[in-house]
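*Asks:* coords-v4.cif is the file, holding mmCIF, C-alpha atoms and all ligand atoms:
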```cif
data_target
#
loop_
_atom_site.label_atom_id
_atom_site.label_comp_id
_atom_site.auth_asym_id
_atom_site.auth_seq_id
_atom_site.Cartn_x
_atom_site.Cartn_y
_atom_site.Cartn_z
CA MET A 47 0.00 0.00 0.00
CA ASP A 48 1.22 3.52 -0.75
CA ASP A 49 1.72 6.15 1.93
CA PRO A 50 -1.84 6.91 3.07
CA THR A 51 -1.03 10.55 3.81
CA GLU A 52 0.28 11.26 0.32
CA VAL A 53 -3.18 11.38 -1.19
CA LEU A 54 -4.34 13.80 1.50
CA HIS A 55 -1.44 16.15 0.77
CA ARG A 56 -2.29 15.96 -2.92
CA ALA A 57 -5.97 16.71 -2.26
CA PHE A 58 -4.97 19.61 -0.01
CA SER A 59 -2.70 21.11 -2.59
CA HIS A 60 -5.35 20.67 -5.33
CA ALA A 61 -7.83 22.45 -3.05
CA LEU A 62 -5.46 25.35 -2.45
CA ASP A 63 -4.69 25.61 -6.18
CA TYR A 64 -8.42 25.75 -6.88
CA LEU A 65 -9.07 28.48 -4.32
CA GLU A 66 -6.08 30.51 -5.50
CA ALA A 67 -7.23 30.41 -9.10
CA LEU A 68 -10.86 31.28 -8.28
CA ASP A 69 -10.48 35.00 -8.75
CA SER A 70 -8.84 34.75 -12.17
CA SER A 71 -10.77 31.78 -13.60
CA PRO A 72 -13.98 32.00 -15.64
CA VAL A 73 -16.98 31.62 -13.34
CA ALA A 74 -18.87 29.54 -15.91
CA ALA A 75 -17.86 25.94 -16.54
CA THR A 76 -15.52 25.78 -19.51
CA SER A 77 -15.77 22.06 -20.30
CA THR A 78 -18.73 20.60 -22.14
CA LEU A 79 -20.72 17.66 -20.89
CA ALA A 80 -19.31 15.53 -23.70
CA GLU A 81 -15.73 16.45 -22.76
CA LEU A 82 -16.35 15.69 -19.10
CA ARG A 83 -17.97 12.35 -19.88
CA HIS A 84 -15.10 11.46 -22.15
CA ARG A 85 -12.48 12.37 -19.54
CA LEU A 86 -14.32 10.62 -16.72
CA GLN A 87 -14.70 7.44 -18.72
CA ILE A 88 -11.69 5.82 -17.15
CA PRO A 89 -12.18 2.05 -17.36
CA LEU A 90 -12.57 0.30 -14.02
CA THR A 91 -9.76 -2.17 -13.65
CA ALA A 92 -9.42 -5.39 -11.71
CA ALA A 93 -6.10 -4.16 -10.35
CA PRO A 94 -6.03 -1.38 -7.74
CA THR A 95 -5.00 2.19 -8.56
CA PRO A 96 -2.80 4.23 -6.19
CA ALA A 97 -4.97 6.62 -4.17
CA ALA A 98 -2.97 9.69 -5.21
CA THR A 99 -3.43 8.79 -8.87
CA VAL A 100 -7.17 8.47 -8.36
CA ILE A 101 -7.31 11.99 -6.92
CA ASP A 102 -4.98 13.51 -9.53
CA ASP A 103 -7.05 11.92 -12.28
CA LEU A 104 -10.28 13.17 -10.74
CA VAL A 105 -8.95 16.73 -10.66
CA THR A 106 -7.70 16.49 -14.24
CA ALA A 107 -10.89 14.90 -15.53
CA THR A 108 -13.21 17.42 -13.90
CA ALA A 109 -11.12 20.51 -14.76
CA GLY A 110 -13.36 23.23 -16.11
CA GLY A 111 -16.41 21.27 -15.07
CA GLN A 112 -17.28 23.18 -11.93
CA LEU A 113 -19.12 26.47 -11.79
CA GLY A 114 -17.07 28.94 -9.76
CA SER A 115 -19.79 29.16 -7.14
CA ALA A 116 -17.18 29.30 -4.38
CA GLY A 117 -15.94 32.64 -5.75
CA GLY A 118 -17.03 36.24 -5.37
CA ARG A 119 -18.72 36.82 -8.72
CA PHE A 120 -21.26 34.03 -8.70
CA PHE A 121 -24.70 35.60 -8.37
CA ALA A 122 -26.93 32.78 -9.60
CA TRP A 123 -29.52 31.13 -7.38
CA VAL A 124 -28.73 31.47 -3.66
CA ILE A 125 -25.85 29.05 -3.43
CA GLY A 126 -22.14 29.22 -2.97
CA GLY A 127 -19.62 30.48 -0.50
CA ALA A 128 -17.87 28.66 2.33
CA LEU A 129 -16.06 30.41 5.15
CA PRO A 130 -12.50 29.14 5.67
CA SER A 131 -13.25 27.63 9.08
CA ALA A 132 -16.46 26.02 7.81
CA LEU A 133 -14.65 24.43 4.89
CA ALA A 134 -11.89 23.21 7.17
CA ALA A 135 -14.42 21.84 9.69
CA ASP A 136 -16.16 20.03 6.83
CA TRP A 137 -12.83 18.38 5.89
CA LEU A 138 -12.37 17.35 9.47
CA ALA A 139 -15.94 16.06 9.78
CA ALA A 140 -15.22 13.73 6.87
CA THR A 141 -11.88 12.80 8.41
CA TRP A 142 -13.36 11.97 11.79
CA ASP A 143 -16.08 10.06 9.94
CA VAL A 144 -18.48 10.19 12.86
CA ASN A 145 -22.14 9.45 12.52
CA ALA A 146 -24.06 12.41 13.97
CA GLY A 147 -26.50 15.12 13.16
CA LEU A 148 -28.78 18.13 13.22
CA TYR A 149 -30.94 18.38 10.07
CA ALA A 150 -34.59 17.50 9.58
CA CYS A 151 -37.68 18.55 7.85
CA GLY A 152 -40.48 20.75 9.21
CA PRO A 153 -43.52 19.72 7.17
CA ALA A 154 -43.26 16.14 8.47
CA ALA A 155 -43.81 17.47 12.00
CA ALA A 156 -46.77 19.56 10.71
CA ARG A 157 -48.33 16.48 9.15
CA HIS A 158 -48.01 14.58 12.40
CA GLY A 159 -49.16 17.47 14.62
CA LEU A 160 -52.22 18.44 12.58
CA LEU A 161 -53.49 14.90 12.20
CA ALA A 162 -52.80 14.07 15.86
CA ALA A 163 -55.02 17.05 16.76
CA ARG A 164 -57.82 15.28 14.82
CA GLY A 165 -57.15 12.00 16.56
CA TRP A 166 -55.31 10.41 13.62
CA ASP A 167 -51.98 8.67 14.28
CA VAL A 168 -50.26 9.11 10.93
CA GLU A 169 -47.15 7.21 11.97
CA ALA A 170 -49.22 4.11 12.65
CA ASN A 171 -52.07 4.50 10.13
CA GLY A 172 -50.41 6.31 7.25
CA LEU A 173 -52.29 8.90 5.22
CA ALA A 174 -54.85 6.65 3.53
CA GLY A 175 -58.19 7.43 5.16
CA SER A 176 -56.88 10.41 7.14
CA PRO A 177 -58.52 13.85 6.97
CA PRO A 178 -57.07 15.47 3.80
CA ILE A 179 -54.36 18.02 4.56
CA ARG A 180 -54.40 21.33 2.75
CA LEU A 181 -51.28 23.45 2.23
CA LEU A 182 -51.48 27.20 1.67
CA ALA A 183 -48.40 28.92 0.25
CA THR A 184 -47.72 32.09 -1.69
CA GLU A 185 -47.57 31.95 -5.47
CA GLN A 186 -43.81 32.42 -5.42
CA HIS A 187 -43.16 29.52 -3.00
CA HIS A 188 -40.01 27.49 -3.61
CA GLY A 189 -40.24 24.24 -5.57
CA SER A 190 -38.99 22.30 -2.54
CA ILE A 191 -42.48 22.70 -1.01
CA ASN A 192 -44.02 20.74 -3.90
CA ARG A 193 -41.39 18.08 -3.50
CA ALA A 194 -42.04 17.80 0.24
CA LEU A 195 -45.74 17.29 -0.52
CA ARG A 196 -44.91 14.48 -2.91
CA ILE A 197 -42.44 12.79 -0.57
CA LEU A 198 -44.71 13.06 2.47
CA GLY A 199 -47.60 11.44 0.59
CA ILE A 200 -49.79 14.54 0.89
CA GLY A 201 -49.70 15.17 -2.86
CA THR A 202 -49.29 18.41 -4.78
CA ARG A 203 -53.05 18.81 -5.28
CA ALA A 204 -53.21 19.76 -1.62
CA LEU A 205 -51.34 22.95 -2.48
CA GLN A 206 -53.40 26.10 -2.82
CA PRO A 207 -51.29 29.04 -4.06
CA LEU A 208 -52.20 32.44 -2.63
CA ALA A 209 -51.77 35.74 -4.48
CA THR A 210 -49.42 38.35 -3.02
CA ASP A 211 -49.41 42.14 -3.23
CA GLU A 212 -47.07 44.34 -5.27
CA ASN A 213 -44.36 43.87 -2.64
CA GLY A 214 -44.59 40.09 -2.82
CA ARG A 215 -46.31 39.85 0.58
CA LEU A 216 -49.37 37.85 1.51
CA ARG A 217 -52.23 40.11 2.61
CA LYS A 218 -54.29 39.40 5.71
CA ALA A 219 -57.59 39.50 3.77
CA THR A 220 -56.29 36.94 1.24
CA LEU A 221 -55.24 34.58 4.00
CA ASP A 222 -58.48 35.12 5.93
CA ARG A 223 -60.54 34.16 2.88
CA ALA A 224 -58.46 31.04 2.21
CA LEU A 225 -58.60 29.89 5.83
CA LYS A 226 -62.40 30.21 5.88
CA GLU A 227 -62.85 28.23 2.66
CA SER A 228 -62.25 24.87 4.31
CA ASP A 229 -61.90 23.27 7.72
CA SER A 230 -59.34 20.69 6.54
CA PRO A 231 -56.16 20.46 8.61
CA THR A 232 -54.08 23.26 7.13
CA ILE A 233 -50.37 23.99 6.81
CA LEU A 234 -49.52 27.60 5.96
CA VAL A 235 -46.06 28.21 4.47
CA LEU A 236 -44.87 31.81 4.71
CA ASP A 237 -41.69 33.28 3.24
CA ALA A 238 -38.85 34.88 5.13
CA GLY A 239 -37.05 36.04 1.98
CA ASP A 240 -38.75 34.79 -1.18
CA LEU A 241 -36.58 33.63 -4.03
CA ASN A 242 -37.15 36.54 -6.42
CA ILE A 243 -37.13 39.73 -4.41
CA GLY A 244 -36.44 38.56 -0.86
CA ALA A 245 -39.96 39.44 0.34
CA TYR A 246 -41.01 38.73 3.94
CA ASP A 247 -44.64 38.05 4.74
CA PRO A 248 -46.09 40.18 7.58
CA PHE A 249 -45.72 37.47 10.22
CA ALA A 250 -47.02 39.44 13.18
CA GLU A 251 -50.40 39.88 11.41
CA LEU A 252 -50.69 36.56 9.64
CA ILE A 253 -49.49 34.00 12.16
CA PRO A 254 -52.08 34.74 14.89
CA LEU A 255 -54.84 34.62 12.26
CA ALA A 256 -53.65 31.22 11.03
CA HIS A 257 -53.33 29.93 14.59
CA GLU A 258 -56.91 31.00 15.37
CA ALA A 259 -57.97 28.74 12.49
CA GLY A 260 -55.88 25.87 13.90
CA ALA A 261 -53.31 25.96 11.07
CA TRP A 262 -49.64 24.97 11.41
CA VAL A 263 -47.41 27.84 10.30
CA HIS A 264 -44.11 26.93 8.66
CA ILE A 265 -41.54 29.54 7.63
CA ASP A 266 -39.37 29.04 4.56
CA GLY A 267 -36.38 31.08 5.65
CA ALA A 268 -33.80 29.24 3.55
CA PHE A 269 -31.61 32.33 3.35
CA GLY A 270 -33.82 35.11 4.71
CA LEU A 271 -33.99 33.92 8.30
CA TRP A 272 -30.29 34.83 8.68
CA ALA A 273 -31.18 38.50 8.20
CA ARG A 274 -32.55 38.32 11.74
CA ALA A 275 -28.91 38.54 12.89
CA SER A 276 -28.50 42.01 11.39
CA PRO A 277 -29.73 45.08 13.32
CA ARG A 278 -30.36 46.73 9.96
CA TYR A 279 -32.61 43.98 8.62
CA ARG A 280 -34.01 42.12 11.61
CA HIS A 281 -37.29 44.05 11.59
CA LEU A 282 -38.15 42.40 8.26
CA ALA A 283 -38.83 39.16 10.11
CA ASP A 284 -40.66 40.63 13.10
CA GLY A 285 -43.17 38.15 14.47
CA VAL A 286 -41.40 35.15 12.93
CA GLU A 287 -40.87 33.71 16.43
CA ARG A 288 -44.60 32.88 16.58
CA ALA A 289 -44.38 30.23 13.85
CA ASP A 290 -44.55 26.49 14.51
CA SER A 291 -41.54 25.58 12.41
CA TRP A 292 -38.70 27.25 10.53
CA ALA A 293 -36.48 25.87 7.81
CA THR A 294 -33.20 27.55 7.01
CA ASP A 295 -29.93 26.66 5.33
CA ALA A 296 -26.47 27.11 6.77
CA HIS A 297 -25.07 26.53 3.26
CA LYS A 298 -26.68 29.74 2.11
CA TRP A 299 -26.05 32.89 4.10
CA LEU A 300 -24.01 31.34 6.89
CA ASN A 301 -21.53 30.22 4.19
CA THR A 302 -20.91 26.62 5.18
CA PRO A 303 -20.18 24.12 2.40
CA GLN A 304 -23.23 22.39 0.83
CA ASP A 305 -25.43 20.77 2.24
CA ASN A 306 -26.53 21.95 5.63
CA GLY A 307 -30.26 22.34 6.09
CA ILE A 308 -31.70 23.14 9.51
CA ALA A 309 -35.23 22.70 10.83
CA ILE A 310 -36.33 24.36 14.03
CA VAL A 311 -39.67 23.49 15.62
CA ARG A 312 -41.57 25.26 18.39
CA ASN A 313 -42.98 22.07 19.87
CA ARG A 314 -40.55 19.18 19.86
CA GLU A 315 -43.08 16.38 20.33
CA PRO A 316 -44.70 16.22 16.86
CA HIS A 317 -41.27 16.54 15.30
CA ARG A 318 -39.80 13.74 17.34
CA ALA A 319 -42.85 11.57 16.76
CA ALA A 320 -42.45 12.02 13.00
CA MET A 321 -38.73 11.18 13.04
CA THR A 322 -38.04 8.84 15.91
CA ILE A 323 -36.84 5.34 15.39
CA SER A 324 -38.02 4.08 18.75
CA ALA A 325 -41.64 5.32 18.49
CA HIS A 326 -41.90 6.04 22.20
CA TYR A 327 -42.97 9.63 22.18
CA LEU A 328 -41.67 10.66 25.53
CA VAL A 329 -38.31 12.38 25.55
CA ALA A 330 -35.97 10.35 27.71
CA GLY A 331 -34.22 12.16 30.51
CA GLY A 332 -30.49 12.69 30.61
CA ASP A 333 -28.15 14.87 28.62
CA ALA A 334 -27.58 12.72 25.58
CA ARG A 335 -29.62 13.18 22.47
CA ASP A 336 -29.73 10.59 19.72
CA ALA A 337 -29.76 12.46 16.43
CA LEU A 338 -31.56 9.61 14.72
CA ASP A 339 -34.67 10.39 16.80
CA TRP A 340 -34.77 13.87 15.29
CA THR A 341 -33.65 13.47 11.69
CA PRO A 342 -34.77 11.42 8.67
CA GLU A 343 -31.43 9.60 8.41
CA TRP A 344 -30.11 6.84 10.58
CA THR A 345 -26.55 7.41 9.43
CA ARG A 346 -25.41 10.92 8.67
CA ARG A 347 -22.21 12.89 8.47
CA ALA A 348 -21.48 15.39 11.22
CA ARG A 349 -23.04 18.42 9.60
CA GLY A 350 -22.95 20.33 12.85
CA TYR A 351 -19.21 21.01 12.80
CA PRO A 352 -19.12 23.45 9.87
CA ILE A 353 -22.08 25.33 11.37
CA TYR A 354 -20.30 25.57 14.70
CA ALA A 355 -17.10 26.71 12.98
CA ALA A 356 -18.82 29.35 10.85
CA LEU A 357 -20.73 30.82 13.80
CA ARG A 358 -17.56 30.99 15.87
CA GLU A 359 -15.44 32.43 13.06
CA LEU A 360 -17.98 35.19 12.38
CA GLY A 361 -19.43 35.94 15.78
CA ARG A 362 -22.75 37.79 15.86
CA ASP A 363 -21.15 40.98 14.52
CA GLY A 364 -19.37 39.16 11.74
CA LEU A 365 -22.61 37.51 10.65
CA ALA A 366 -24.43 40.84 10.71
CA SER A 367 -21.67 42.43 8.67
CA LEU A 368 -21.62 39.55 6.17
CA ILE A 369 -25.36 40.00 5.65
CA GLU A 370 -25.18 43.76 5.33
CA ARG A 371 -22.22 43.59 2.92
CA CYS A 372 -24.08 41.17 0.66
CA CYS A 373 -27.14 43.46 0.66
CA ASP A 374 -24.99 46.50 -0.20
CA HIS A 375 -23.27 44.62 -3.02
CA CYS A 376 -26.62 43.43 -4.33
CA MET A 377 -27.94 46.98 -4.37
CA ALA A 378 -24.83 48.24 -6.20
CA LEU A 379 -25.00 45.41 -8.74
CA THR A 380 -28.73 45.76 -9.37
CA LEU A 381 -28.67 49.54 -9.79
CA GLY A 382 -25.38 49.41 -11.72
CA ILE A 383 -26.56 46.78 -14.20
CA GLY A 384 -30.13 48.10 -14.30
CA GLY A 385 -28.77 51.53 -15.28
CA LEU A 386 -26.77 50.30 -18.29
CA ALA A 387 -27.97 51.09 -21.81
CA GLY A 388 -30.21 48.21 -22.92
CA ALA A 389 -31.02 47.14 -19.37
CA GLU A 390 -33.90 47.94 -17.06
CA LEU A 391 -34.36 47.69 -13.32
CA VAL A 392 -37.21 45.29 -12.47
CA ALA A 393 -36.96 45.19 -8.68
CA ALA A 394 -34.45 46.97 -6.47
CA PRO A 395 -33.40 44.71 -3.63
CA SER A 396 -34.89 45.09 -0.20
CA LEU A 397 -32.32 42.50 0.88
CA ASN A 398 -29.81 40.49 -1.19
CA GLN A 399 -31.98 39.66 -4.20
CA GLY A 400 -32.42 42.09 -7.11
CA LEU A 401 -33.98 41.76 -10.56
CA VAL A 402 -33.12 43.40 -13.89
CA ARG A 403 -34.06 42.63 -17.47
CA PHE A 404 -32.71 43.41 -20.91
CA LEU A 405 -34.62 45.25 -23.61
CA ALA A 406 -34.94 44.19 -27.24
CA PRO A 407 -35.53 46.66 -30.08
CA ASP A 408 -38.21 44.30 -31.43
CA GLY A 409 -40.01 44.22 -28.09
CA ASP A 410 -39.23 40.57 -27.30
CA HIS A 411 -37.66 41.42 -23.95
CA ASP A 412 -38.06 37.89 -22.57
CA ARG A 413 -35.94 36.35 -25.31
CA ARG A 414 -33.42 39.18 -25.09
CA THR A 415 -33.16 38.73 -21.32
CA ASP A 416 -32.47 35.00 -21.53
CA ALA A 417 -29.99 35.51 -24.37
CA THR A 418 -28.18 38.24 -22.44
CA ILE A 419 -27.89 36.06 -19.33
CA ALA A 420 -26.39 33.31 -21.50
CA ALA A 421 -23.95 35.77 -23.09
CA ILE A 422 -22.87 37.18 -19.71
CA ASN A 423 -22.29 33.70 -18.33
CA ALA A 424 -20.36 32.67 -21.44
CA GLU A 425 -18.13 35.74 -21.10
CA GLY A 426 -16.92 34.25 -17.84
CA THR A 427 -16.47 37.16 -15.41
CA ALA A 428 -19.67 36.51 -13.49
CA TYR A 429 -22.57 34.11 -13.40
CA PHE A 430 -26.31 34.77 -13.06
CA SER A 431 -29.56 32.85 -13.27
CA GLY A 432 -32.90 33.78 -14.79
CA THR A 433 -36.38 33.74 -13.34
CA THR A 434 -39.95 34.52 -14.29
CA PHE A 435 -41.28 37.39 -12.22
CA ARG A 436 -44.88 38.55 -12.68
CA GLY A 437 -45.04 36.85 -16.07
CA GLN A 438 -41.79 38.33 -17.41
CA ARG A 439 -38.28 36.95 -17.69
CA ALA A 440 -35.71 38.67 -15.50
CA MET A 441 -32.13 38.17 -14.35
CA ARG A 442 -31.74 37.38 -10.68
CA ILE A 443 -28.91 39.01 -8.79
CA SER A 444 -28.34 36.98 -5.62
CA VAL A 445 -25.45 37.85 -3.34
CA VAL A 446 -24.68 35.45 -0.49
CA ASN A 447 -20.94 34.90 -0.62
CA TRP A 448 -18.54 36.31 1.99
CA ARG A 449 -15.90 36.61 -0.76
CA THR A 450 -17.83 39.09 -2.89
CA SER A 451 -16.05 42.45 -2.76
CA GLU A 452 -16.58 45.95 -4.14
CA ALA A 453 -13.95 45.11 -6.76
CA ASP A 454 -16.07 42.09 -7.80
CA VAL A 455 -19.10 44.35 -8.13
CA ARG A 456 -17.19 46.80 -10.35
CA ARG A 457 -15.69 44.02 -12.49
CA THR A 458 -19.11 42.45 -12.93
CA ILE A 459 -20.87 45.65 -13.99
CA LYS A 460 -18.05 46.37 -16.48
CA ALA A 461 -18.33 42.87 -17.89
CA VAL A 462 -22.10 43.18 -18.37
CA GLU A 463 -21.60 46.58 -20.00
CA ARG A 464 -19.09 45.02 -22.42
CA VAL A 465 -21.45 42.20 -23.29
CA LEU A 466 -24.28 44.66 -24.00
CA ALA A 467 -22.02 46.98 -26.01
CA ASP A 468 -20.59 44.13 -28.09
CA GLY A 469 -24.04 43.52 -29.56
CA PHE A 470 -23.83 39.75 -29.14
CA ARG A 471 -26.04 37.60 -31.37
CA ASP A 472 -29.15 36.50 -29.55
CA GLY A 473 -30.64 34.07 -32.01
CA PRO A 474 -31.05 33.54 -35.72
CA ASN A 475 -30.87 36.74 -37.76
C1 LIG B 1 -32.67 27.30 -1.47
C2 LIG B 1 -34.08 27.52 -1.07
C3 LIG B 1 -34.86 26.43 -0.70
C4 LIG B 1 -34.35 24.99 -0.79
O1 LIG B 1 -33.46 24.73 0.19
P1 LIG B 1 -32.31 23.61 0.14
O2 LIG B 1 -32.22 23.22 1.56
O3 LIG B 1 -31.06 24.29 -0.35
O4 LIG B 1 -32.74 22.52 -0.76
C5 LIG B 1 -36.15 26.68 -0.25
N1 LIG B 1 -36.64 27.94 -0.22
C6 LIG B 1 -35.93 29.04 -0.58
C7 LIG B 1 -36.55 30.40 -0.50
C8 LIG B 1 -34.61 28.86 -1.04
O5 LIG B 1 -33.88 29.92 -1.40
#
```
Spell out the structure here as structure tokens.
*Replies:*
Amino acid sequence: MDDPTEVLHRAFSHALDYLEALDSSPVAATSTLAELRHRLQIPLTAAPTPAATVIDDLVTATAGGQLGSAGGRFFAWVIGGALPSALAADWLAATWDVNAGLYACGPAAARHGLLAARGWDVEANGLAGSPPIRLLATEQHHGSINRALRILGIGTRALQPLATDENGRLRKATLDRALKESDSPTILVLDAGDLNIGAYDPFAELIPLAHEAGAWVHIDGAFGLWARASPRYRHLADGVERADSWATDAHKWLNTPQDNGIAIVRNREPHRAAMTISAHYLVAGGDARDALDWTPEWTRRARGYPIYAALRELGRDGLASLIERCCDHCMALTLGIGGLAGAELVAAPSLNQGLVRFLAPDGDHDRRTDATIAAINAEGTAYFSGTTFRGQRAMRISVVNWRTSEADVRRTIKAVERVLADGFRDGPN
């Protein structure tokens, strides 16, 4: 056997090379799917391969195949960014190879809690024959809600989308009407930072109303819940503490490596009942807590370490400043790009999400917007994603990475300006 530490040194030095090159490399992937498949098609052999060779080959084969989402000019979706300590803790978590945990999933607790209130034991009886659950969510709810409904056996037909106002917020009257329409057990999903414009529903008004109707209130705060740590933005989520469950992601604004989802529930019993292996619903005394009674997995990596590391590295002030910096950069990017010739501001950010679109002389702004996003991404300086907002295509500007700097903002605006000025081809002509 070769020296078992050699491969770790190699991986470490590949990791450092990657991080060092981030700032000067194209943000978009530069290898095509066909190239990657071809390079990765290394025949499996009967004979072993030295570990270091395996890692060197992996790095060579995947070169140009990663989006630079770890870097400062990646503004697509709300992903990317890992604080140094969080990345290091993630390496160590894999090294220690312990089986531990923290993550779970709120709607499963809601399903249990609501049906238990109607005398139905869903863990024992399943959903067949149970009172039908209804889920109310805003029109702009994240696709993960639909997936949760499918996985939990509730079904997507249970979802009733609710219209929001011009600020993307659910109005009290709209919710009141929906709650009165049916007396089915109801889950209400509210947004703390919606995916397009970072809108927060007015929790202090809506949650008591939903509770009066016996509904379970779940907050999708995937990135937006973190704004609660900033004195400048915490008021956006006022009243959020009244909800029954929150979901948030450490891999978003806390900048841990992927994937680090967190569920927080007000009342631990329904949650434990939905997750526990042992099916005795009383919490045992003592200090120890078995993660497998609280999470969907039996075996899981120690996702808690990177969260612990990131929170310690930042401190409360560091987290607040990370959030405020991202919001400032998002504002500068959105106004800077939105003010360029051929561009238009669609929604100025109230947080870290802004929207712009690109205008076509022939009036087909949707096609022009998608083509411009593709051209910007191909140019390589920065990377953005598209969305449909109020029936129109727009470019999303999401800023969640601790690395993003004012220099990145300036470089990105310049790059977009160049792409627009170059008059790229956006389709057959
Ligand atoms: C990212 C995101 C999700 C999905 O969360 P994951 O845990 O990353 O799968 C849900 N809702 C919103 C608003 C998001 O931004």
*Asks:* Within 7 Å of ligand LIG 1 (chain B) (counting only C-alpha atoms and all ligand atoms), which residues show up? I'd like them as a VMD selection string.
*Replies:* chain A and resid 124 188 190 237 239 to 241 266 to 269 295 307
*Asks:* Would you mind listing what lies within 10 Å of Ala134 in chain A as a list in words, with all atoms listed in the file counted and same-chain residues fewer than 5 positions away left out?
*Replies:*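 Near Ala134 in chain A, the qualifying residues are Ala128, Leu129, Ala139, Thr302, Pro303, Tyr351, Pro352, Ala355 and Ala356 of chain A.
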*Asks:* Please compute the CA of Ala122 in chain A-CA of Ile443 in chain A distance, one decimal, in Å.
*Replies:*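 The value is 6.6 Å.
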*Asks:* Rounded to one decimal, what separation in Å do you get between CA of Arg215 in chain A and CA of Pro248 in chain A?
*Replies:*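 These two atoms are separated by 7.0 Å.
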*Asks:* Give me the residues near range 272-288 of chain A as a list in words, where near means some atom within 6 Å (using only C-alpha atoms) and where sequence neighbours in that chain fewer than 5 positions away do not count.
*Replies:*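 Those residues are Phe249, Ala250 and Ala366 of chain A.
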*Asks:* Of the residues A:Asp339, A:Asp167, A:Glu425, A:Asp416, which is the one nearest to Pro72 in chain A, using only C-alpha atoms?
*Replies:* A:Glu425
*Asks:* Could you check the closest approach to Val446 in chain A for each of A:Asn301, A:Thr418, A:Thr294, A:Thr78 and tell me which residue wins, using all atoms listed in the file?
*Replies:*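 Smallest distance to Val446 in chain A is found for A:Asn301.
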